[in-house]
There are 2 protein chains.
Amino acid sequence: MTDSPASPAPVLEQADRTLDDALARLFAFLRIPSISTQPEHAADCRQAAQWLRDELDSLGFDVTLHETPGHPILVAHDRTPPAGPHVLFYGHYDVQPVDPLELWARDPFEPALVTAQDGRRQITARGASDDKGQVMTFIEALRAIRATTGQMPVRISLLIEGEEECGGPSLLPFMETHREELRADVGLICDTAMLPGVPAITTTLRGMVGEEIHLRCASRDLHSGIYGNAARNPAEVLCRVLSSIRDDATGRVTLPGFYAGVQDPPEALRARWREIAPDDAAFLGDVGLSVPAGERGYTAIEQTWCRPSFEINGISGGYTAEGFKTVLPGDAMAKVSFRLVAGQDPVHIRQAFCAHVRDRLPPDCTVTFTPCGGSVASVVPDDTFGLQPALRALGDEWGTPAVTIGCGGSIPVAADMQRILGISALLVGFALDDDRVHSPNEKYDLTSFHKGIRSWIRILHAMGKTDA
Amino acid sequence: MTDSPASPAPVLEQADRTLDDALARLFAFLRIPSISTQPEHAADCRQAAQWLRDELDSLGFDVTLHETPGHPILVAHDRTPPAGPHVLFYGHYDVQPVDPLELWARDPFEPALVTAQDGRRQITARGASDDKGQVMTFIEALRAIRATTGQMPVRISLLIEGEEECGGPSLLPFMETHREELRADVGLICDTAMLPGVPAITTTLRGMVGEEIHLRCASRDLHSGIYGNAARNPAEVLCRVLSSIRDDATGRVTLPGFYAGVQDPPEALRARWREIAPDDAAFLGDVGLSVPAGERGYTAIEQTWCRPSFEINGISGGYTAEGFKTVLPGDAMAKVSFRLVAGQDPVHIRQAFCAHVRDRLPPDCTVTFTPCGGSVASVVPDDTFGLQPALRALGDEWGTPAVTIGCGGSIPVAADMQRILGISALLVGFALDDDRVHSPNEKYDLTSFHKGIRSWIRILHAMGKTDA
């Protein structure tokens with residue numbers, strides 16, 4: 001056992017020297033099509049978990065794959081931990097579905113390193129950014145540390161799950177039954193984004209309520225000529241109901257009580273955000289848009305980082321294939337979600353939504369609701385263990401001060417860590433908003449991967465030298 | 001050559017004796033999966049046309065399959081026609097798609113004769129009713145006549161196409177270029193329904209305008225967490241636009257000028273309809289509904305027979321497969337149609353719809369329109385050649401007076417015959433509203449098939465004895 005060295009420079013040099021090998025390992029991980037929401041990929045999810053187990057075992061960790069009703073949960077502990085602070089790293093090995101497959105330029109599970117038109121080198125594959133690439137920044141940092149100093153600067157445990165992308169139910173009870181084993185001084189979650197060139201720790205995360213609604217009118221599909229006009233059309237009812245959830249003029253959600261308890265962030269923070277993202281056009285322009293579509297009076301960044309919203313994630317009914325079919329559908333369905341901010345209760349929002357739909361159903365129309373997950377928003381306090389050293393370490397790596405930002409996405413585990421384990425989590429991520437996560441042609445910049453590894457080396461080193 | 005006999009009784013007896021053989025031939029026709037809207041079934045459509053060619057050739061007709069840019073058009077003329085009136089029979093050999101396949105109790109292309117819970121014997125298969133079963137009532141009538149008397153009572157030609165179910169463009173120019181060959185004294189179209197036990201000739205048919213609309217906002221699918229609220233959601237825009245086409249309180253279509261020129265049928269006819277269909281519940285109850293959903297002040301029968309309407313035939317956007325995906329779709333689409341009545345111009349309705357959609361598009365949302373066919377409504381005058389003898393012949397066969405009714409569906413060929421060939425068409429059909437045409441488990445009652453054959457024998461016989 002040795003003390004942590006005064007400088008992380010030798011470890012950073014090791015990471016630089018071995019980057020090609022690190023990339024090859026990431027590619028092997030990306031080749032496993034671990035789509036958690038599709039039952040036919042269950043074996044692939046298990047294979048991804050086993051692949052991680054073997055990697056961490058070779059890096060000196062005791063690893064257990066815990067069986068669940070869904071996909072396995074990996075827990076790893078350093079076999080030779082130092083004294084001092086204890087960090088719990090969280091990531092997930094599962095990925096999103098790949099449809100529509102025809103929009104991918106390459107096989108989503110055959111990773112490649114390509115050069116974009118602007119010269120950026122990018123790793124393309126499903127999961128390249130969300131979350132396999134991000135998980136591997138941490139694991140490759142551990143490898144470089146082990147190879148150089150033999151000893152981690154802090155006590156490290158890892159919790160890596162396989163149901164993040166499917167709203168799976170396994171993690172929550174697992175954390176409750178393994179509360180003692182998982183307790184640490186702080187959580188480290190690598191599943192978020194930064195602004196280009198500006199390192200960031202995400203301190204506010206939106207929660208989410210997801211729901212599938214299924215409307216039925218006639219007992220079967222009908223001929224739209226024979227029945228059209230007289231038979232209630234569930235697709236039309238669905239359109240009417242869903243378009244009533246948000247007020248078109250103000251962009252605000254219409255559910256009673258939806259904004260109760262919602263507060264704006266401090267003006268100083270909003271000002272800092274306007275400084276680092278002065279222009280809606282940049283955020284929206286990357287995806288072909290120009291005008292923030294949400295609540296009037298908020299920038300696009302504010303609409304996504306600190307304001308709740310409603311989205312239709314999927315809708316279908318009737319005949320949608322090639323050609324035209326004069327059918328009057330018997331049923332129609334939608335998958336919808338609300339993004340929540342601090343102060344909103346997922347249970348109340350779900351109830352308000354279901355009541356809103358039921359109140360608007362015409363005769364001869366029935367509804368079935370299927371909950372698809374729910375989580376509260378979370379906020380990381382400024383005095384959280386490790387936050388300030390981590391911000392400084394990030395600033396050192398990227399050559400510009402790190403900032404605290406919000407994230408529109410939901411990472412329920414951050415709130416769960418707080419509630420169940422009693423620890424806050426630092427959300428440190430190197431993804432970019434143009435990574436096309438959840439979309440065709442997902443990518444992760446080689447810079448994100450390389451400087452991500454280096455950032456973790458610096459953060460862990462800084463945490464080992466401080467009482468934070 | 002012989003004169004038509006005084007009574008059709010020997011021919012009717014021949015049809016009764018050979019019903020099993022007629023059924024076997026229909027089954028062979030039904031086994032051909034001639035789905036015209038799906039390109040992979042093009043060869044099946046051709047096979048269905050060839051099967052009809054061989055049948056009609058064996059019955060003494062000169063048959064030609066005319067090539068088109070789509071599926072072949074069959075024209076047949078009696079090789080030994082009598083003097084006197086000339087009738088042109090129209091039907092179609094193509095069928096609707098079969099999805100959702102999992103809702104079929106049997107293979108849609110393996111016909112069966114099954115006994116329903118109420119004792120009715122029914123032929124089940126895609127196309128059993130629409131339109132293969134109906135076409136075969138006419139062809140089997142010809143067979144029984146040829147076998148019994150050797151001579152048709154009137155001069156008979158047939159026009160059978162393969163693009164009725166896909167709004168294909170081939171028939172119209174074909175009728176124009178073959179105007180002289182196809183001209184007759186009256187058209188006979190077998191593609192409509194009757195009320196149970198009450199024979200009917202359909203004298204009003206709705207027209208149709210079909211349109212596919214495709215909305216695009218972002219240039220790709222987005223993560224609904226990262227972009228939700230700020231990025232315009234095309235599925236939400238689509239819902240808003242489509243739910244604005246019909247006024248929820250009155251059930252009326254909101255497009256400007258939509259009802260200009262629309263008139264109610266004479267009160268005497270509405271009264272006769274209320275007599276034969278006194279109860280909305282029967283018409284709607286068969287499909288699990290109870291309340292007419294269209295314009296207030298009209299019965300369900302009136303809403304479908306004589307009032308125009310708007311329908312969403314299909315809608316899709318975002319993730320709709322199993323599980324949940326937090327996607328904010330980049331695009332969404334719908335297939336919609338308007339059913340038109342006499343006095344409405346399809347071109348004007350299409351223009352009004354497109355303008356209505358364009359006027360409601362928010363920033364960052366573009367629309368693409370794809371026309372999916374259009375046709376005017378049609379009305380058959382009371383003094384049309386053959387109408388009164390045909391009504392009497394139907395009354396004789398079914399033992400109850402035949403009535404003139406409306407049909408909510410669109411049979412564009414009726415209007416096209418009037419416009420291009422200058423002849424009216426008698427719409428004589430034996431389908432029932434519960435035949436599940438265009439739906440899973442399509443069927444045709446054995447009674448419809450058997451008494452349909454007998455009805456045509458009587459109608460052709462009556463037309464041969466009269467100047468109509």
# chains A, B, ... in the order shown; residues from 1 in each chain; ligands from 1
>>> residues_around(residues="range 91-100 of chain A", least_positions_apart="3", cutoff="8 Å", atoms="only C-alpha atoms", output="PyMOL selection string")
(chain A and resi 33-38+45+48-49+103-104+108+126-127+130-132+134-135+159-166+189-191+438-440) or (chain B and resi 325)
>>> write_last_selection(atoms="C-alpha atoms", output="PDB file, in the first residue's frame")
ATOM      1  CA  PRO A  33     -26.878  -5.447 -28.269  1.00  0.00           C
ATOM      2  CA  SER A  34     -28.087  -5.074 -24.682  1.00  0.00           C
ATOM      3  CA  ILE A  35     -31.524  -3.544 -25.412  1.00  0.00           C
ATOM      4  CA  SER A  36     -33.290  -3.912 -22.103  1.00  0.00           C
ATOM      5  CA  THR A  37     -36.857  -3.111 -23.166  1.00  0.00           C
ATOM      6  CA  GLN A  38     -37.024  -5.900 -25.771  1.00  0.00           C
ATOM      7  CA  CYS A  45     -28.132  -7.806 -21.393  1.00  0.00           C
ATOM      8  CA  ALA A  48     -23.009  -7.126 -21.176  1.00  0.00           C
ATOM      9  CA  ALA A  49     -23.133  -7.537 -17.389  1.00  0.00           C
ATOM     10  CA  LEU A 103     -32.004   5.731 -40.568  1.00  0.00           C
ATOM     11  CA  TRP A 104     -28.676   4.420 -39.248  1.00  0.00           C
ATOM     12  CA  PRO A 108     -25.774   0.205 -34.582  1.00  0.00           C
ATOM     13  CA  ARG A 126     -26.008   2.489 -30.009  1.00  0.00           C
ATOM     14  CA  GLY A 127     -24.812   3.094 -26.438  1.00  0.00           C
ATOM     15  CA  ASP A 130     -25.638   6.513 -23.337  1.00  0.00           C
ATOM     16  CA  ASP A 131     -24.197   4.946 -21.287  1.00  0.00           C
ATOM     17  CA  LYS A 132     -21.504   2.479 -22.288  1.00  0.00           C
ATOM     18  CA  GLN A 134     -19.518   7.117 -20.227  1.00  0.00           C
ATOM     19  CA  VAL A 135     -19.221   4.022 -17.989  1.00  0.00           C
ATOM     20  CA  LEU A 159     -23.208  -0.254  -9.028  1.00  0.00           C
ATOM     21  CA  ILE A 160     -24.054  -0.916 -12.685  1.00  0.00           C
ATOM     22  CA  GLU A 161     -27.575  -1.868 -13.695  1.00  0.00           C
ATOM     23  CA  GLY A 162     -29.337  -3.046 -16.852  1.00  0.00           C
ATOM     24  CA  GLU A 163     -32.852  -1.590 -16.660  1.00  0.00           C
ATOM     25  CA  GLU A 164     -32.248   2.152 -16.898  1.00  0.00           C
ATOM     26  CA  GLU A 165     -33.639   2.446 -20.416  1.00  0.00           C
ATOM     27  CA  CYS A 166     -36.777   0.403 -19.760  1.00  0.00           C
ATOM     28  CA  ILE A 189     -23.087   9.132 -11.747  1.00  0.00           C
ATOM     29  CA  CYS A 190     -21.791   9.262 -15.279  1.00  0.00           C
ATOM     30  CA  ASP A 191     -24.894   9.574 -17.463  1.00  0.00           C
ATOM     31  CA  HIS A 438     -32.000   7.465 -28.100  1.00  0.00           C
ATOM     32  CA  SER A 439     -31.851   8.290 -31.837  1.00  0.00           C
ATOM     33  CA  PRO A 440     -30.330   6.723 -34.929  1.00  0.00           C
TER      34      PRO A 440
ATOM     35  CA  LYS B 325     -38.892   4.828 -25.100  1.00  0.00           C
TER      36      LYS B 325
END
>>> closest_atom_pairs(of="range 142-255 of chain A", to="range 397-409 of chain B", cutoff="12 Å", atoms="only C-alpha atoms", output="JSON lines")
{"residue": "A:Leu222", "atom": "CA", "partner": "B:Gly409", "partner_atom": "CA", "distance": 11.5}
{"residue": "A:His223", "atom": "CA", "partner": "B:Gly409", "partner_atom": "CA", "distance": 8.0}
{"residue": "A:Ser224", "atom": "CA", "partner": "B:Gly409", "partner_atom": "CA", "distance": 7.3}
{"residue": "A:Gly225", "atom": "CA", "partner": "B:Gly409", "partner_atom": "CA", "distance": 3.6}
{"residue": "A:Ile226", "atom": "CA", "partner": "B:Gly408", "partner_atom": "CA", "distance": 4.7}
{"residue": "A:Tyr227", "atom": "CA", "partner": "B:Gly408", "partner_atom": "CA", "distance": 7.0}
{"residue": "A:Gly228", "atom": "CA", "partner": "B:Gly408", "partner_atom": "CA", "distance": 7.3}
{"residue": "A:Asn229", "atom": "CA", "partner": "B:Gly408", "partner_atom": "CA", "distance": 9.1}
{"residue": "A:Ala230", "atom": "CA", "partner": "B:Gly408", "partner_atom": "CA", "distance": 10.2}
{"residue": "A:Ala231", "atom": "CA", "partner": "B:Gly408", "partner_atom": "CA", "distance": 12.0}
>>> write_last_selection(atoms="C-alpha atoms", output="PDB file, in the first residue's frame")
ATOM      1  CA  LEU A 222     -64.582  -0.945 -39.205  1.00  0.00           C
ATOM      2  CA  HIS A 223     -64.986   0.049 -42.866  1.00  0.00           C
ATOM      3  CA  SER A 224     -64.757   3.828 -42.790  1.00  0.00           C
ATOM      4  CA  GLY A 225     -67.330   4.102 -45.570  1.00  0.00           C
ATOM      5  CA  ILE A 226     -69.965   1.954 -43.956  1.00  0.00           C
ATOM      6  CA  TYR A 227     -69.483   3.357 -40.443  1.00  0.00           C
ATOM      7  CA  GLY A 228     -67.703   6.677 -40.956  1.00  0.00           C
ATOM      8  CA  ASN A 229     -69.516   9.527 -39.130  1.00  0.00           C
ATOM      9  CA  ALA A 230     -71.706   7.292 -36.960  1.00  0.00           C
ATOM     10  CA  ALA A 231     -69.017   5.228 -35.240  1.00  0.00           C
TER      11      ALA A 231
END
>>> closest_residue(among="B:Leu26, B:Leu158, B:Ile411, B:Ala144", to="chain A", atoms="only C-alpha atoms")
B:Ile411
>>> residues_around(residues="range 419-430 of chain A", least_positions_apart="3", cutoff="6 Å", atoms="only C-alpha atoms", output="PyMOL selection string")
chain A and resi 179+183+186-194+201-202+414+416+448
>>> write_last_selection(atoms="N, CA and C atoms", output="PDB file, in the first residue's frame")
ATOM      1  N   ARG A 179     -28.764  -1.764   1.245  1.00  0.00           N
ATOM      2  CA  ARG A 179     -28.499  -0.413   1.732  1.00  0.00           C
ATOM      3  C   ARG A 179     -27.137  -0.314   2.429  1.00  0.00           C
ATOM      4  N   ARG A 183     -23.757   1.851   0.948  1.00  0.00           N
ATOM      5  CA  ARG A 183     -23.588   3.177   1.550  1.00  0.00           C
ATOM      6  C   ARG A 183     -22.161   3.678   1.319  1.00  0.00           C
ATOM      7  N   VAL A 186     -20.317   9.571  -1.083  1.00  0.00           N
ATOM      8  CA  VAL A 186     -20.951  10.310  -2.180  1.00  0.00           C
ATOM      9  C   VAL A 186     -21.144   9.345  -3.364  1.00  0.00           C
ATOM     10  N   GLY A 187     -22.158   9.636  -4.174  1.00  0.00           N
ATOM     11  CA  GLY A 187     -22.340   8.886  -5.415  1.00  0.00           C
ATOM     12  C   GLY A 187     -21.701   9.623  -6.574  1.00  0.00           C
ATOM     13  N   LEU A 188     -21.241   8.871  -7.552  1.00  0.00           N
ATOM     14  CA  LEU A 188     -20.725   9.458  -8.797  1.00  0.00           C
ATOM     15  C   LEU A 188     -21.523   8.831  -9.934  1.00  0.00           C
ATOM     16  N   ILE A 189     -22.231   9.652 -10.681  1.00  0.00           N
ATOM     17  CA  ILE A 189     -23.087   9.132 -11.747  1.00  0.00           C
ATOM     18  C   ILE A 189     -22.604   9.689 -13.071  1.00  0.00           C
ATOM     19  N   CYS A 190     -22.290   8.804 -13.984  1.00  0.00           N
ATOM     20  CA  CYS A 190     -21.791   9.262 -15.279  1.00  0.00           C
ATOM     21  C   CYS A 190     -22.817   8.936 -16.347  1.00  0.00           C
ATOM     22  N   ASP A 191     -23.802   9.828 -16.514  1.00  0.00           N
ATOM     23  CA  ASP A 191     -24.894   9.574 -17.463  1.00  0.00           C
ATOM     24  C   ASP A 191     -25.471  10.893 -17.965  1.00  0.00           C
ATOM     25  N   THR A 192     -24.675  11.977 -17.887  1.00  0.00           N
ATOM     26  CA  THR A 192     -25.180  13.309 -18.233  1.00  0.00           C
ATOM     27  C   THR A 192     -24.262  13.984 -19.262  1.00  0.00           C
ATOM     28  N   ALA A 193     -24.683  15.184 -19.676  1.00  0.00           N
ATOM     29  CA  ALA A 193     -23.970  15.909 -20.729  1.00  0.00           C
ATOM     30  C   ALA A 193     -23.285  17.155 -20.194  1.00  0.00           C
ATOM     31  N   MET A 194     -22.430  17.700 -21.035  1.00  0.00           N
ATOM     32  CA  MET A 194     -21.786  18.991 -20.769  1.00  0.00           C
ATOM     33  C   MET A 194     -22.011  19.863 -22.007  1.00  0.00           C
ATOM     34  N   ILE A 201     -20.949  19.851 -13.861  1.00  0.00           N
ATOM     35  CA  ILE A 201     -21.579  18.874 -12.980  1.00  0.00           C
ATOM     36  C   ILE A 201     -23.055  19.234 -12.918  1.00  0.00           C
ATOM     37  N   THR A 202     -23.892  18.241 -13.185  1.00  0.00           N
ATOM     38  CA  THR A 202     -25.332  18.476 -13.227  1.00  0.00           C
ATOM     39  C   THR A 202     -25.879  18.418 -11.806  1.00  0.00           C
ATOM     40  N   ALA A 414     -30.413   9.025  -9.006  1.00  0.00           N
ATOM     41  CA  ALA A 414     -29.873  10.123  -8.190  1.00  0.00           C
ATOM     42  C   ALA A 414     -30.795  10.390  -6.998  1.00  0.00           C
ATOM     43  N   ASP A 416     -33.009   8.257  -5.889  1.00  0.00           N
ATOM     44  CA  ASP A 416     -33.077   7.030  -5.084  1.00  0.00           C
ATOM     45  C   ASP A 416     -31.878   6.916  -4.138  1.00  0.00           C
ATOM     46  N   SER A 448     -14.632  13.354 -25.743  1.00  0.00           N
ATOM     47  CA  SER A 448     -15.399  13.044 -24.530  1.00  0.00           C
ATOM     48  C   SER A 448     -14.825  11.814 -23.841  1.00  0.00           C
TER      49      SER A 448
END
>>> atom_distance(atom1="CA of Val379 in chain B", atom2="CA of Ala271 in chain B")
18.4 Å
>>> closest_residue(among="A:Arg358, A:Arg220, A:His461, A:Arg270", to="chain B", atoms="only C-alpha atoms")
A:Arg220
>>> closest_residue(among="B:Ile32, B:Val357, B:Ala268, B:Met208", to="Val341 in chain B", atoms="only C-alpha atoms")
B:Met208
>>> atom_distance(atom1="CA of Asp396 in chain A", atom2="CA of Phe89 in chain A")
21.5 Å
>>> select_by_dssp(residues="range 258-437 of chain B", states="helix (DSSP H, G or I)", output="ChimeraX atom specification")
/B:267-276,280-285,300-305,346-359,387-398,412-421
>>> residues_around(residues="His77 in chain B", least_positions_apart="4", cutoff="10 Å", atoms="only C-alpha atoms", output="PDB file with C-alpha atoms, in the first residue's frame")
ATOM      1  CA  LEU B  56     -65.251 -16.633 -68.061  1.00  0.00           C
ATOM      2  CA  ASP B  57     -63.567 -18.147 -71.113  1.00  0.00           C
ATOM      3  CA  GLY B  60     -68.430 -18.649 -73.512  1.00  0.00           C
ATOM      4  CA  PHE B  61     -66.935 -15.192 -73.098  1.00  0.00           C
ATOM      5  CA  ASP B  62     -64.163 -13.543 -75.070  1.00  0.00           C
ATOM      6  CA  VAL B  63     -61.842 -12.320 -72.356  1.00  0.00           C
ATOM      7  CA  THR B  64     -58.939  -9.863 -72.520  1.00  0.00           C
ATOM      8  CA  PRO B  81     -74.879 -12.384 -77.423  1.00  0.00           C
ATOM      9  CA  LEU B  88     -72.007  -4.036 -68.229  1.00  0.00           C
ATOM     10  CA  ARG B 155     -76.179  -9.040 -73.953  1.00  0.00           C
ATOM     11  CA  ILE B 156     -73.570  -9.173 -71.170  1.00  0.00           C
ATOM     12  CA  SER B 157     -70.114  -7.646 -70.821  1.00  0.00           C
ATOM     13  CA  LEU B 158     -67.921  -7.661 -67.713  1.00  0.00           C
ATOM     14  CA  LEU B 159     -65.324  -5.196 -66.466  1.00  0.00           C
ATOM     15  CA  GLU B 181     -66.162  -0.984 -76.213  1.00  0.00           C
ATOM     16  CA  LEU B 182     -67.618  -0.569 -72.714  1.00  0.00           C
TER      17      LEU B 182
END
>>> closest_residue(among="A:Leu394, A:Leu30, A:Ala321, A:Ala141", to="chain B", atoms="only C-alpha atoms")
A:Ala321
>>> select_by_dssp(residues="range 375-432 of chain A", states="strand (DSSP E or B)", output="PyMOL selection string")
chain A and resi 375+378-379+403-407+425-428+431
>>> residues_around(residues="Ala282 in chain B", least_positions_apart="4", cutoff="12 Å", atoms="only C-alpha atoms", output="short mmCIF file (atom, residue, chain, number, x, y, z; two decimals) with all heavy atoms, in the first residue's frame")
data_model
loop_
_atom_site.label_atom_id
_atom_site.label_comp_id
_atom_site.auth_asym_id
_atom_site.auth_seq_id
_atom_site.Cartn_x
_atom_site.Cartn_y
_atom_site.Cartn_z
N LEU B 195 -79.85 -4.73 -46.09
CA LEU B 195 -80.21 -4.98 -44.69
C LEU B 195 -80.63 -6.43 -44.56
O LEU B 195 -81.11 -7.02 -45.52
CB LEU B 195 -81.33 -4.03 -44.26
CG LEU B 195 -80.89 -2.56 -44.22
CD1 LEU B 195 -82.09 -1.64 -44.10
CD2 LEU B 195 -79.94 -2.33 -43.06
N PRO B 196 -80.46 -7.04 -43.40
CA PRO B 196 -80.75 -8.47 -43.29
C PRO B 196 -82.16 -8.81 -43.76
O PRO B 196 -83.15 -8.27 -43.24
CB PRO B 196 -80.59 -8.74 -41.79
CG PRO B 196 -79.63 -7.70 -41.33
CD PRO B 196 -79.94 -6.48 -42.15
N ILE B 276 -87.23 0.80 -42.24
CA ILE B 276 -86.47 -0.46 -42.36
C ILE B 276 -85.32 -0.53 -41.35
O ILE B 276 -84.79 -1.61 -41.09
CB ILE B 276 -85.92 -0.66 -43.80
CG1 ILE B 276 -85.01 0.50 -44.21
CG2 ILE B 276 -87.07 -0.81 -44.79
CD1 ILE B 276 -84.34 0.31 -45.57
N ALA B 277 -84.92 0.61 -40.79
CA ALA B 277 -83.84 0.61 -39.78
C ALA B 277 -84.25 1.54 -38.65
O ALA B 277 -83.72 2.63 -38.51
CB ALA B 277 -82.52 1.06 -40.40
N PRO B 278 -85.24 1.12 -37.86
CA PRO B 278 -85.83 2.03 -36.89
C PRO B 278 -84.89 2.38 -35.73
O PRO B 278 -85.13 3.34 -35.01
CB PRO B 278 -87.05 1.26 -36.38
CG PRO B 278 -86.73 -0.18 -36.62
CD PRO B 278 -85.87 -0.21 -37.84
N ASP B 286 -74.02 -3.92 -33.23
CA ASP B 286 -73.26 -5.04 -33.80
C ASP B 286 -71.76 -4.87 -33.60
O ASP B 286 -71.02 -5.85 -33.63
CB ASP B 286 -73.52 -5.13 -35.31
CG ASP B 286 -74.80 -5.86 -35.62
OD1 ASP B 286 -75.36 -6.50 -34.70
OD2 ASP B 286 -75.26 -5.78 -36.77
N VAL B 287 -71.31 -3.64 -33.47
CA VAL B 287 -69.86 -3.41 -33.33
C VAL B 287 -69.52 -2.80 -31.97
O VAL B 287 -68.48 -2.17 -31.80
CB VAL B 287 -69.32 -2.52 -34.48
CG1 VAL B 287 -69.46 -3.25 -35.81
CG2 VAL B 287 -70.05 -1.18 -34.52
N GLY B 288 -70.44 -3.00 -31.00
CA GLY B 288 -70.12 -2.60 -29.63
C GLY B 288 -70.33 -1.13 -29.33
O GLY B 288 -69.80 -0.62 -28.34
N LEU B 289 -71.09 -0.42 -30.16
CA LEU B 289 -71.32 0.99 -29.93
C LEU B 289 -72.80 1.25 -29.67
O LEU B 289 -73.64 0.38 -29.90
CB LEU B 289 -70.86 1.81 -31.16
CG LEU B 289 -69.38 1.64 -31.53
CD1 LEU B 289 -69.08 2.32 -32.86
CD2 LEU B 289 -68.47 2.19 -30.44
N SER B 290 -73.12 2.47 -29.21
CA SER B 290 -74.52 2.74 -28.89
C SER B 290 -74.98 4.13 -29.31
O SER B 290 -76.18 4.35 -29.49
CB SER B 290 -74.74 2.59 -27.37
OG SER B 290 -73.97 3.55 -26.67
N VAL B 291 -74.06 5.07 -29.48
CA VAL B 291 -74.44 6.46 -29.72
C VAL B 291 -73.85 6.94 -31.05
O VAL B 291 -72.63 6.83 -31.25
CB VAL B 291 -73.89 7.38 -28.59
CG1 VAL B 291 -74.28 8.83 -28.85
CG2 VAL B 291 -74.41 6.91 -27.24
N PRO B 292 -74.68 7.46 -31.97
CA PRO B 292 -74.11 7.98 -33.23
C PRO B 292 -73.14 9.12 -32.92
O PRO B 292 -73.47 10.03 -32.15
CB PRO B 292 -75.33 8.51 -33.99
CG PRO B 292 -76.52 7.89 -33.34
CD PRO B 292 -76.14 7.63 -31.91
N THR B 299 -79.89 10.20 -37.67
CA THR B 299 -79.70 8.83 -37.18
C THR B 299 -78.36 8.31 -37.68
O THR B 299 -77.73 8.90 -38.57
CB THR B 299 -80.81 7.91 -37.69
OG1 THR B 299 -80.67 7.78 -39.11
CG2 THR B 299 -82.20 8.45 -37.36
N ALA B 300 -77.92 7.19 -37.09
CA ALA B 300 -76.66 6.59 -37.52
C ALA B 300 -76.71 6.23 -39.01
O ALA B 300 -75.74 6.43 -39.75
CB ALA B 300 -76.36 5.34 -36.68
N ILE B 301 -77.86 5.69 -39.45
CA ILE B 301 -78.03 5.34 -40.86
C ILE B 301 -77.90 6.58 -41.74
O ILE B 301 -77.21 6.58 -42.77
CB ILE B 301 -79.42 4.67 -41.07
CG1 ILE B 301 -79.41 3.27 -40.45
CG2 ILE B 301 -79.82 4.64 -42.53
CD1 ILE B 301 -78.60 2.25 -41.23
N ASP B 433 -74.01 -5.64 -43.19
CA ASP B 433 -73.15 -4.71 -42.45
C ASP B 433 -72.22 -5.43 -41.47
O ASP B 433 -71.21 -4.87 -41.05
CB ASP B 433 -73.99 -3.67 -41.69
CG ASP B 433 -74.48 -2.57 -42.62
OD1 ASP B 433 -73.91 -2.43 -43.72
OD2 ASP B 433 -75.43 -1.87 -42.25
N ASP B 434 -72.56 -6.65 -41.09
CA ASP B 434 -71.69 -7.37 -40.15
C ASP B 434 -70.69 -8.28 -40.87
O ASP B 434 -70.14 -9.19 -40.26
CB ASP B 434 -72.52 -8.14 -39.11
CG ASP B 434 -73.26 -9.32 -39.69
OD1 ASP B 434 -73.21 -9.51 -40.93
OD2 ASP B 434 -73.89 -10.07 -38.91
#
